[in-house]
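Enquirer: coords.txt is reproduced in full below (compact mmCIF, C-alpha atoms).
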# COMPACT_ATOMS: atom_id res chain seq x y z
CA ASP A 145 -3.94 -35.24 13.39
CA GLY A 146 -4.96 -36.23 16.88
CA VAL A 147 -2.75 -33.57 18.44
CA GLN A 148 -3.88 -30.78 16.10
CA ASN A 149 -7.56 -31.69 16.39
CA THR A 150 -7.23 -31.57 20.18
CA ILE A 151 -5.49 -28.21 20.66
CA PHE A 152 -6.35 -26.46 17.37
CA ASP A 153 -2.93 -24.83 17.03
CA PRO A 154 -1.40 -25.22 13.55
CA ARG A 155 2.04 -24.32 14.89
CA VAL A 156 2.21 -27.61 16.82
CA LYS A 157 3.44 -30.33 14.49
CA VAL A 158 4.41 -33.96 14.93
CA THR A 159 6.94 -35.10 12.33
CA TYR A 160 8.99 -38.21 11.64
CA GLU A 161 12.58 -37.22 10.85
CA PRO A 162 15.00 -40.09 11.62
CA ASP A 163 17.90 -38.21 9.96
CA TYR A 164 17.28 -34.85 11.62
CA VAL A 165 20.38 -33.22 13.10
CA PRO A 166 19.79 -30.16 15.33
CA VAL A 167 21.61 -27.09 14.06
CA VAL A 168 23.83 -25.63 16.76
CA PRO A 169 25.11 -22.16 15.81
CA PRO A 170 28.82 -21.69 16.49
CA ALA A 171 29.90 -19.31 19.22
CA MET A 172 30.08 -15.77 17.88
CA PRO A 173 33.75 -15.15 18.81
CA ASP A 174 34.76 -18.16 16.66
CA ILE A 175 33.40 -16.62 13.44
CA PRO A 176 35.70 -14.20 11.57
CA VAL A 177 34.19 -10.81 10.84
CA GLU A 178 34.70 -11.35 7.11
CA GLN A 179 32.63 -14.54 7.26
CA LEU A 180 29.87 -12.77 9.17
CA ALA A 181 29.86 -10.03 6.54
CA ALA A 182 29.49 -12.67 3.82
CA VAL A 183 26.50 -14.13 5.68
CA VAL A 184 24.89 -10.71 5.92
CA LYS A 185 25.42 -10.03 2.21
CA GLY A 186 23.81 -13.38 1.47
CA THR A 187 20.68 -12.55 3.46
CA VAL A 188 20.38 -8.80 2.80
CA ASN A 189 19.89 -7.24 -0.61
CA VAL A 190 20.09 -3.46 -0.95
CA GLU A 191 19.40 -1.28 -3.99
CA VAL A 192 18.55 2.34 -4.71
CA LEU A 193 15.71 2.41 -7.24
CA GLU A 194 14.49 5.23 -9.46
CA ASP A 195 13.18 8.38 -7.75
CA ASN A 196 15.65 7.82 -4.88
CA ILE A 197 13.66 4.94 -3.35
CA ALA A 198 15.60 2.48 -1.18
CA TYR A 199 14.90 -1.24 -1.53
CA LEU A 200 16.04 -3.41 1.38
CA LYS A 201 15.35 -7.15 1.24
CA ILE A 202 15.94 -9.12 4.44
CA GLN A 203 15.76 -12.92 4.73
CA HIS A 204 17.15 -13.27 8.25
CA ILE A 205 16.87 -10.76 11.09
CA ILE A 206 20.14 -10.77 12.97
CA GLY A 207 20.28 -10.58 16.75
CA GLU A 208 21.89 -8.11 19.12
CA GLU A 209 25.19 -9.98 19.46
CA MET A 210 25.83 -10.21 15.74
CA ALA A 211 24.62 -6.64 15.15
CA GLN A 212 27.16 -5.31 17.64
CA LYS A 213 30.01 -7.28 16.09
CA ILE A 214 29.37 -6.40 12.45
CA GLY A 215 27.69 -3.03 12.98
CA PRO A 216 30.38 -1.02 11.12
CA LEU A 217 30.12 -3.40 8.15
CA LEU A 218 26.34 -3.01 8.07
CA LEU A 219 26.69 0.77 8.11
CA GLU A 220 29.25 0.72 5.30
CA HIS A 221 27.65 -1.80 2.94
CA VAL A 222 23.93 -1.37 3.68
CA TRP A 223 22.80 1.56 5.78
CA SER A 224 25.03 4.22 4.20
CA ARG A 225 23.39 3.47 0.84
CA VAL A 226 19.78 3.73 2.00
CA LEU A 227 20.08 6.58 4.51
CA PRO A 228 20.12 9.45 1.93
CA THR A 229 17.03 8.13 0.11
CA THR A 230 13.61 9.78 0.37
CA ALA A 231 11.53 6.61 0.87
CA MET A 232 12.08 2.92 1.56
CA VAL A 233 10.61 -0.45 0.65
CA LEU A 234 11.47 -3.05 3.31
CA ASP A 235 10.98 -6.49 1.76
CA LEU A 236 10.12 -9.18 4.31
CA ARG A 237 8.38 -11.52 1.85
CA TYR A 238 11.13 -14.11 2.25
CA ALA A 239 12.11 -13.49 5.88
CA VAL A 240 11.77 -16.89 7.52
CA THR A 241 14.31 -16.79 10.36
CA GLY A 242 15.50 -14.28 12.93
CA GLU A 243 16.52 -13.47 16.46
CA MET A 244 14.12 -11.86 18.92
CA SER A 245 16.83 -9.47 20.14
CA GLY A 246 16.96 -7.95 16.65
CA ILE A 247 13.40 -6.57 16.84
CA PRO A 248 14.24 -3.40 18.84
CA TYR A 249 17.18 -2.67 16.50
CA ILE A 250 15.08 -2.61 13.35
CA VAL A 251 12.08 -0.81 14.85
CA SER A 252 14.29 1.87 16.46
CA TYR A 253 15.84 2.90 13.14
CA TYR A 254 12.37 4.03 12.02
CA THR A 255 11.31 5.79 15.25
CA ASP A 256 12.49 8.78 17.29
CA PRO A 257 15.08 8.39 20.07
CA GLU A 258 12.68 9.93 22.59
CA PRO A 259 10.32 9.08 24.11
CA LEU A 260 11.16 5.41 24.39
CA ILE A 261 8.42 3.14 23.07
CA HIS A 262 7.33 -0.16 24.60
CA ILE A 263 7.10 -2.18 21.38
CA ASP A 264 6.56 -5.77 22.57
CA SER A 265 6.25 -8.11 25.54
CA VAL A 266 7.36 -11.73 25.10
CA TYR A 267 6.30 -14.35 27.62
CA ASP A 268 8.67 -17.32 27.82
CA ARG A 269 6.86 -20.43 29.00
CA PRO A 270 9.84 -22.58 30.12
CA SER A 271 11.17 -19.86 32.43
CA ASP A 272 7.72 -18.40 33.25
CA SER A 273 9.12 -14.90 32.65
CA THR A 274 8.22 -11.92 30.48
CA THR A 275 10.73 -9.81 28.56
CA GLU A 276 9.76 -6.28 27.58
CA LEU A 277 11.20 -4.96 24.32
CA TRP A 278 11.68 -1.17 24.09
CA SER A 279 12.92 1.14 21.38
CA MET A 280 16.57 2.11 21.77
CA PRO A 281 17.71 5.64 22.70
CA THR A 282 21.05 5.29 20.90
CA LEU A 283 22.00 3.41 17.75
CA LEU A 284 25.05 2.85 15.61
CA GLY A 285 24.66 5.36 12.80
CA LYS A 286 21.77 7.69 12.06
CA ARG A 287 18.08 6.80 12.09
CA TYR A 288 16.00 6.72 8.96
CA GLY A 289 13.52 8.91 10.78
CA THR A 290 9.76 9.06 11.12
CA THR A 291 8.83 11.28 8.17
CA LYS A 292 10.09 9.32 5.15
CA PRO A 293 7.56 6.88 3.66
CA LEU A 294 8.13 3.24 4.65
CA ILE A 295 6.41 0.35 2.86
CA ILE A 296 6.81 -3.22 4.15
CA LEU A 297 6.25 -6.13 1.76
CA THR A 298 4.87 -9.38 3.21
CA SER A 299 3.78 -12.78 1.96
CA LYS A 300 2.37 -15.99 3.37
CA ASN A 301 6.01 -17.07 3.81
CA THR A 302 6.85 -14.18 6.17
CA ILE A 303 7.10 -15.87 9.54
CA GLY A 304 8.27 -15.48 13.13
CA VAL A 305 10.43 -12.51 14.11
CA ALA A 306 9.79 -10.77 10.78
CA GLU A 307 6.06 -10.86 11.54
CA ASP A 308 6.76 -9.17 14.87
CA VAL A 309 8.72 -6.39 13.16
CA ALA A 310 5.94 -5.81 10.61
CA TYR A 311 3.24 -5.85 13.30
CA CYS A 312 5.12 -3.36 15.51
CA LEU A 313 5.80 -0.85 12.71
CA LYS A 314 2.25 -1.17 11.37
CA ASN A 315 0.62 -0.46 14.72
CA LEU A 316 3.02 2.38 15.46
CA LYS A 317 1.54 3.90 12.27
CA ARG A 318 5.08 4.03 10.92
CA ALA A 319 4.72 1.65 7.97
CA THR A 320 2.19 0.58 5.36
CA ILE A 321 1.99 -3.18 4.77
CA VAL A 322 1.56 -4.36 1.17
CA GLY A 323 1.19 -8.01 0.16
CA GLU A 324 -0.33 -11.12 1.71
CA ASN A 325 -1.38 -12.02 5.23
CA THR A 326 1.71 -13.43 6.95
CA ALA A 327 2.11 -17.03 8.12
CA GLY A 328 0.99 -16.57 11.72
CA GLY A 329 3.93 -18.39 13.25
CA SER A 330 5.51 -17.90 16.66
CA VAL A 331 8.25 -15.74 18.07
CA LYS A 332 9.98 -18.92 19.30
CA ILE A 333 9.42 -22.61 18.50
CA ASN A 334 11.28 -25.56 20.00
CA LYS A 335 11.66 -28.94 18.31
CA ILE A 336 11.51 -31.69 20.92
CA LYS A 337 12.52 -35.29 20.26
CA VAL A 338 10.14 -37.98 21.47
CA GLY A 339 12.26 -40.49 23.41
CA ASP A 340 14.58 -42.58 21.24
CA THR A 341 12.25 -42.51 18.26
CA GLY A 342 12.63 -40.52 15.07
CA PHE A 343 9.56 -38.45 15.97
CA TYR A 344 9.72 -34.75 16.87
CA VAL A 345 7.17 -32.33 18.26
CA SER A 346 7.48 -28.69 17.20
CA VAL A 347 5.82 -26.51 19.81
CA PRO A 348 5.72 -22.73 20.50
CA VAL A 349 7.44 -21.93 23.80
CA ALA A 350 6.96 -18.15 23.86
CA LYS A 351 4.15 -15.69 23.16
CA SER A 352 4.27 -12.13 21.86
CA ILE A 353 1.75 -9.59 23.18
CA ASN A 354 1.87 -6.16 21.56
CA PRO A 355 1.39 -3.41 24.21
CA ILE A 356 -0.20 -1.08 21.65
CA THR A 357 -2.99 -3.44 20.58
CA GLY A 358 -3.02 -5.80 23.56
CA LYS A 359 -3.12 -8.62 20.99
CA SER A 360 -0.74 -10.98 19.21
CA TRP A 361 0.08 -11.60 15.56
CA GLU A 362 0.72 -15.26 16.28
CA VAL A 363 -1.56 -17.85 14.58
CA LYS A 364 -3.60 -15.13 12.81
CA GLY A 365 -0.63 -13.44 11.15
CA VAL A 366 -0.23 -9.78 10.17
CA ALA A 367 -2.92 -8.48 7.83
CA PRO A 368 -1.71 -6.15 5.07
CA ASP A 369 -3.05 -2.62 4.71
CA ILE A 370 -3.16 -3.23 0.96
CA GLU A 371 -3.68 -6.82 -0.13
CA ALA A 372 -1.70 -7.76 -3.21
CA ASN A 373 -0.15 -10.68 -5.00
CA PRO A 374 3.45 -10.99 -3.68
CA GLU A 375 4.84 -10.80 -7.22
CA ASP A 376 3.12 -7.42 -7.73
CA ALA A 377 3.77 -6.00 -4.26
CA LEU A 378 7.00 -4.15 -5.10
CA ASP A 379 5.48 -2.34 -8.09
CA ILE A 380 2.43 -1.38 -6.02
CA ALA A 381 4.66 -0.09 -3.20
CA ILE A 382 6.61 2.11 -5.64
CA ASP A 383 3.35 3.47 -7.07
CA ILE A 384 2.15 4.35 -3.55
CA ILE A 385 5.38 6.18 -2.75
CA LYS A 386 5.24 8.15 -6.01
CA LEU A 387 1.61 9.11 -5.42
CA ARG A 388 2.34 10.32 -1.90
CA ALA A 389 5.20 12.44 -3.23
CA GLU A 390 2.81 14.09 -5.70
CA ILE A 391 0.12 14.94 -3.11
CA PRO A 392 1.62 18.29 -1.98
CA ASP A 393 1.77 19.53 -5.60
CA ILE A 394 -1.77 18.29 -6.25
CA VAL A 395 -3.09 20.12 -3.18
CA LYS A 396 -1.16 23.26 -4.10
CA ALA A 397 -2.53 23.19 -7.68
CA ALA A 398 -6.06 22.69 -6.39
CA ALA A 399 -5.67 25.64 -3.99
Produce structure tokens that represent the structure in this file.
Expert:
Amino acid sequence: DGVQNTIFDPRVKVTYEPDYVPVVPPAMPDIPVEQLAAVVKGTVNVEVLEDNIAYLKIQHIIGEEMAQKIGPLLLEHVWSRVLPTTAMVLDLRYAVTGEMSGIPYIVSYYTDPEPLIHIDSVYDRPSDSTTELWSMPTLLGKRYGTTKPLIILTSKNTIGVAEDVAYCLKNLKRATIVGENTAGGSVKINKIKVGDTGFYVSVPVAKSINPITGKSWEVKGVAPDIEANPEDALDIAIDIIKLRAEIPDIVKAAA
């Protein structure tokens, strides 16, 4: 309480976890491709709904290294199914983990190859350096494009890298956000042990600044374009897509 009342940052937490064991991810070359594919299937759910609407649920945003290794598997089991659809619902309501290097990958599949877009700048405090994230000119497989409707579902549980993805696509005017205001986490948080005690301090060590808005989604979160109960968000998103599809016929009939 003393720490939080001093710096007023809810992301900074002091916890007592005597049994905490830091999770160290194994080196990528040591993981068989089949195991990586199983991990992806466990964190990504893909369906094609009625009216040729793609539904893509992501719980973990993979990074550049993993994306390069299992790219063909992603194309075969996920992207090939959603690419022919006429609209997409990207469900980030339960996305709680992710790698910063995965942000340009996801954003680029919904933008044009040219011109390149400066989508984020991340300042890393420990190294006192800033990394610029840009859209990618080439990708594995085809892009979803910029003309098909894209609805992103969010909740108060959407946190970290997933918030960055939602914020980028929203402010590029590429996606409509439906759901709750996101958690307002951080692009990177370190958990630091206090001496030989069982106490840990969780503290943000990087800051995202969006070049389009000049602001950050951190702490405040990403506000939805259409506020909705998370349980109702998918139905609302489908209704929005159907309505947009009917607009040309409505205008034509009125004319």
Enquirer: Would you list the residues near (9.9, -1.7, 0.7) (no more than 8 Å away, in the coordinates of the file, using all atoms listed in the file) as a compact mmCIF listing (two decimals) with C-alpha atoms, in the coordinates of the input?
Expert:
# COMPACT_ATOMS: atom_id res chain seq x y z
CA ALA A 198 15.60 2.48 -1.18
CA TYR A 199 14.90 -1.24 -1.53
CA LEU A 200 16.04 -3.41 1.38
CA LYS A 201 15.35 -7.15 1.24
CA MET A 232 12.08 2.92 1.56
CA VAL A 233 10.61 -0.45 0.65
CA LEU A 234 11.47 -3.05 3.31
CA ASP A 235 10.98 -6.49 1.76
CA LEU A 294 8.13 3.24 4.65
CA ILE A 295 6.41 0.35 2.86
CA ILE A 296 6.81 -3.22 4.15
CA LEU A 297 6.25 -6.13 1.76
CA LEU A 378 7.00 -4.15 -5.10
CA ALA A 381 4.66 -0.09 -3.20
Enquirer: Distance CA of Leu387 in chain A-CA of Thr291 in chain A, one decimal place?
Expert: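 Taking CA of Leu387 in chain A and CA of Thr291 in chain A, their separation equals 15.5 Å.
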Enquirer: Return the single residue from A:Ile247, A:Ile336, A:Val226, A:Ala231 that is closest to Pro166 in chain A, with distances computed using only C-alpha atoms.
Expert: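 Smallest distance to Pro166 in chain A is found for A:Ile336.
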Enquirer: Select from range 171-285 of chain A every residue with an atom at most 12 Å from any atom of range 368-374 of chain A, then for each give the shortest pair of atoms and their distance in Å to one decimal, using only C-alpha atoms, rows by chain and rising number, as a Markdown table.
Expert:
| residue | atom | partner | partner_atom | distance |
| --- | --- | --- | --- | --- |
| A:Asp235 | CA | A:Pro374 | CA | 10.3 |
| A:Leu236 | CA | A:Pro374 | CA | 10.6 |
| A:Arg237 | CA | A:Pro374 | CA | 7.4 |
| A:Tyr238 | CA | A:Pro374 | CA | 10.2 |
Enquirer: Find the distance between CA of Pro392 in chain A and CA of Tyr254 in chain A and write it in Å to one decimal.
Expert: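 Computing it gives 22.7 Å between the two atoms.
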Enquirer: Could you work out how far CA of Met280 in chain A lies from CA of Ile261 in chain A, giving the answer in Å with one decimal?
Expert: 8.3 Å
Enquirer: My list of candidates is A:Thr159, A:Asn196, A:Thr302, A:Thr150. Which is closest to Gly365 in chain A when distances are computed with all atoms listed in the file?
Expert: A:Thr302
Enquirer: For range 303-309 of chain A, list every protein, DNA or RNA residue within 6 Å, evaluated using all atoms listed in the file, and leave out those in the same chain fewer than 2 positions away; present the list as a list of chain:residue names.
Expert: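 My list of contacting residues is A:Val240, A:Gly242, A:Ile247, A:Asn301, A:Tyr311, A:Cys312, A:Ala327, A:Gly329, A:Ser330, A:Val331.
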Enquirer: Which is closer to Ala182 in chain A than all the others in A:Lys364, A:His221, A:Arg269, A:Arg155, using all atoms listed in the file?
Expert: A:His221
Enquirer: Which residue, A:Thr282, A:Glu243, A:Asn334, A:Pro257, has the smallest gap to Ser346 in chain A when you use only C-alpha atoms?
Expert: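 That would be A:Asn334, the residue with the smallest distance to Ser346 in chain A.
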Enquirer: Restricting the calculation to only C-alpha atoms: of A:Lys185, A:Lys359, A:Lys300, A:His262, which residue gets closest to Asn325 in chain A?
Expert: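 For Asn325 in chain A, the nearest of the candidates is A:Lys300.
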Enquirer: Compare A:Asp153, A:Asp163, A:Asp383, A:Asp256 by their minimum atom-to-atom distance to Gly328 in chain A, counting only C-alpha atoms, and give me the closest one.
Expert: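 Of all the options, A:Asp153 lies closest to Gly328 in chain A.
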Enquirer: Counting only C-alpha atoms, what is within 10 Å of Lys351 in chain A, bar same-chain residues fewer than 6 positions away, as JSON, numbers by chain?
Expert: {"A": [265, 266, 267, 268, 269, 274, 330, 331, 332, 333, 360, 361, 362]}
Enquirer: Using C-alpha atoms, can you write the selected residues to a file as a compact mmCIF listing (two decimals), in the frame of the given file?
Expert:
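Below is the file selection-v6.txt, written as the result:
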# COMPACT_ATOMS: atom_id res chain seq x y z
CA SER A 265 6.25 -8.11 25.54
CA VAL A 266 7.36 -11.73 25.10
CA TYR A 267 6.30 -14.35 27.62
CA ASP A 268 8.67 -17.32 27.82
CA ARG A 269 6.86 -20.43 29.00
CA THR A 274 8.22 -11.92 30.48
CA SER A 330 5.51 -17.90 16.66
CA VAL A 331 8.25 -15.74 18.07
CA LYS A 332 9.98 -18.92 19.30
CA ILE A 333 9.42 -22.61 18.50
CA SER A 360 -0.74 -10.98 19.21
CA TRP A 361 0.08 -11.60 15.56
CA GLU A 362 0.72 -15.26 16.28
Enquirer: Residues at most 8 Å from Leu219 in chain A, counting only C-alpha atoms, excluding those fewer than 4 positions away in the same chain, as a tab-separated table (two decimals) with C-alpha atoms, keeping the file's coordinate frame?
Expert:
chain	number	residue	atom	x	y	z
A	215	GLY	CA	27.69	-3.03	12.98
A	223	TRP	CA	22.80	1.56	5.78
A	224	SER	CA	25.03	4.22	4.20
A	284	LEU	CA	25.05	2.85	15.61
A	285	GLY	CA	24.66	5.36	12.80
Enquirer: Around all the atoms of range 292-309 of chain A listed in the file, with 5 Å of room on each side, what axis-aligned box do you get, giving centre and edge lengths in Å to one decimal, as AutoDock Vina command-line options?
Expert:
--center_x 6.4 --center_y -3.9 --center_z 8.3 --size_x 18.1 --size_y 36.4 --size_z 23.1
Enquirer: Which polymer residues have any atom within 10 Å of an atom of Ala211 in chain A, counting all atoms listed in the file, with same-chain residues fewer than 5 positions away left out, as a PyMOL selection string?
Expert: chain A and resi 205-206+216-218+245-246+249+284
Enquirer: Just save range 204-234 of chain A with N, CA and C atoms, as a JSON list (two decimals), in the first residue's frame.
Expert:
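The resulting file, part05.json, is reproduced below:
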[["chain", "number", "residue", "atom", "x", "y", "z"],
["A", 204, "HIS", "N", -2.45, -16.11, -26.69],
["A", 204, "HIS", "CA", -1.04, -15.74, -26.55],
["A", 204, "HIS", "C", -0.53, -15.28, -27.92],
["A", 205, "ILE", "N", 0.10, -14.12, -27.94],
["A", 205, "ILE", "CA", 0.65, -13.59, -29.20],
["A", 205, "ILE", "C", 2.10, -14.03, -29.32],
["A", 206, "ILE", "N", 2.35, -14.90, -30.28],
["A", 206, "ILE", "CA", 3.69, -15.46, -30.44],
["A", 206, "ILE", "C", 4.66, -14.41, -30.98],
["A", 207, "GLY", "N", 5.95, -14.62, -30.71],
["A", 207, "GLY", "CA", 6.97, -13.70, -31.14],
["A", 207, "GLY", "C", 7.55, -14.04, -32.50],
["A", 208, "GLU", "N", 8.49, -13.25, -32.94],
["A", 208, "GLU", "CA", 9.08, -13.39, -34.27],
["A", 208, "GLU", "C", 9.75, -14.74, -34.45],
["A", 209, "GLU", "N", 10.51, -15.18, -33.43],
["A", 209, "GLU", "CA", 11.27, -16.42, -33.57],
["A", 209, "GLU", "C", 10.36, -17.62, -33.76],
["A", 210, "MET", "N", 9.31, -17.70, -32.95],
["A", 210, "MET", "CA", 8.39, -18.82, -33.08],
["A", 210, "MET", "C", 7.60, -18.73, -34.38],
["A", 211, "ALA", "N", 7.21, -17.52, -34.76],
["A", 211, "ALA", "CA", 6.44, -17.33, -35.99],
["A", 211, "ALA", "C", 7.22, -17.81, -37.21],
["A", 212, "GLN", "N", 8.52, -17.55, -37.22],
["A", 212, "GLN", "CA", 9.34, -17.98, -38.35],
["A", 212, "GLN", "C", 9.48, -19.50, -38.39],
["A", 213, "LYS", "N", 9.52, -20.11, -37.21],
["A", 213, "LYS", "CA", 9.74, -21.57, -37.17],
["A", 213, "LYS", "C", 8.48, -22.34, -37.54],
["A", 214, "ILE", "N", 7.32, -21.85, -37.09],
["A", 214, "ILE", "CA", 6.09, -22.61, -37.34],
["A", 214, "ILE", "C", 5.18, -21.91, -38.34],
["A", 215, "GLY", "N", 5.75, -20.96, -39.09],
["A", 215, "GLY", "CA", 4.95, -20.22, -40.06],
["A", 215, "GLY", "C", 4.14, -21.09, -41.00],
["A", 216, "PRO", "N", 4.75, -22.10, -41.64],
["A", 216, "PRO", "CA", 3.98, -22.98, -42.54],
["A", 216, "PRO", "C", 2.81, -23.68, -41.85],
["A", 217, "LEU", "N", 3.00, -24.06, -40.59],
["A", 217, "LEU", "CA", 1.92, -24.71, -39.85],
["A", 217, "LEU", "C", 0.78, -23.72, -39.58],
["A", 218, "LEU", "N", 1.14, -22.48, -39.27],
["A", 218, "LEU", "CA", 0.12, -21.45, -39.04],
["A", 218, "LEU", "C", -0.69, -21.20, -40.31],
["A", 219, "LEU", "N", 0.02, -21.15, -41.44],
["A", 219, "LEU", "CA", -0.67, -20.93, -42.71],
["A", 219, "LEU", "C", -1.64, -22.08, -43.02],
["A", 220, "GLU", "N", -1.18, -23.30, -42.75],
["A", 220, "GLU", "CA", -1.99, -24.47, -43.10],
["A", 220, "GLU", "C", -3.20, -24.63, -42.19],
["A", 221, "HIS", "N", -3.00, -24.49, -40.88],
["A", 221, "HIS", "CA", -4.07, -24.80, -39.93],
["A", 221, "HIS", "C", -4.92, -23.60, -39.54],
["A", 222, "VAL", "N", -4.40, -22.38, -39.72],
["A", 222, "VAL", "CA", -5.14, -21.20, -39.28],
["A", 222, "VAL", "C", -5.44, -20.24, -40.43],
["A", 223, "TRP", "N", -4.38, -19.69, -41.01],
["A", 223, "TRP", "CA", -4.56, -18.59, -41.96],
["A", 223, "TRP", "C", -5.28, -19.02, -43.25],
["A", 224, "SER", "N", -5.01, -20.23, -43.72],
["A", 224, "SER", "CA", -5.66, -20.69, -44.95],
["A", 224, "SER", "C", -7.17, -20.79, -44.79],
["A", 225, "ARG", "N", -7.64, -20.98, -43.57],
["A", 225, "ARG", "CA", -9.08, -21.09, -43.31],
["A", 225, "ARG", "C", -9.76, -19.72, -43.27],
["A", 226, "VAL", "N", -9.05, -18.72, -42.76],
["A", 226, "VAL", "CA", -9.69, -17.41, -42.59],
["A", 226, "VAL", "C", -9.49, -16.49, -43.79],
["A", 227, "LEU", "N", -8.46, -16.75, -44.59],
["A", 227, "LEU", "CA", -8.13, -15.85, -45.69],
["A", 227, "LEU", "C", -9.28, -15.67, -46.70],
["A", 228, "PRO", "N", -10.03, -16.71, -47.08],
["A", 228, "PRO", "CA", -11.09, -16.53, -48.08],
["A", 228, "PRO", "C", -12.36, -15.86, -47.54],
["A", 229, "THR", "N", -12.42, -15.62, -46.22],
["A", 229, "THR", "CA", -13.65, -15.07, -45.65],
["A", 229, "THR", "C", -13.81, -13.60, -46.03],
["A", 230, "THR", "N", -15.02, -13.08, -45.79],
["A", 230, "THR", "CA", -15.33, -11.70, -46.18],
["A", 230, "THR", "C", -15.23, -10.71, -45.03],
["A", 231, "ALA", "N", -15.11, -11.22, -43.80],
["A", 231, "ALA", "CA", -14.97, -10.36, -42.62],
["A", 231, "ALA", "C", -14.39, -11.20, -41.50],
["A", 232, "MET", "N", -13.83, -10.52, -40.48],
["A", 232, "MET", "CA", -13.19, -11.26, -39.40],
["A", 232, "MET", "C", -13.49, -10.65, -38.04],
["A", 233, "VAL", "N", -13.67, -11.56, -37.06],
["A", 233, "VAL", "CA", -13.73, -11.17, -35.65],
["A", 233, "VAL", "C", -12.47, -11.70, -34.98],
["A", 234, "LEU", "N", -11.63, -10.79, -34.48],
["A", 234, "LEU", "CA", -10.39, -11.16, -33.80],
["A", 234, "LEU", "C", -10.64, -11.04, -32.30]]
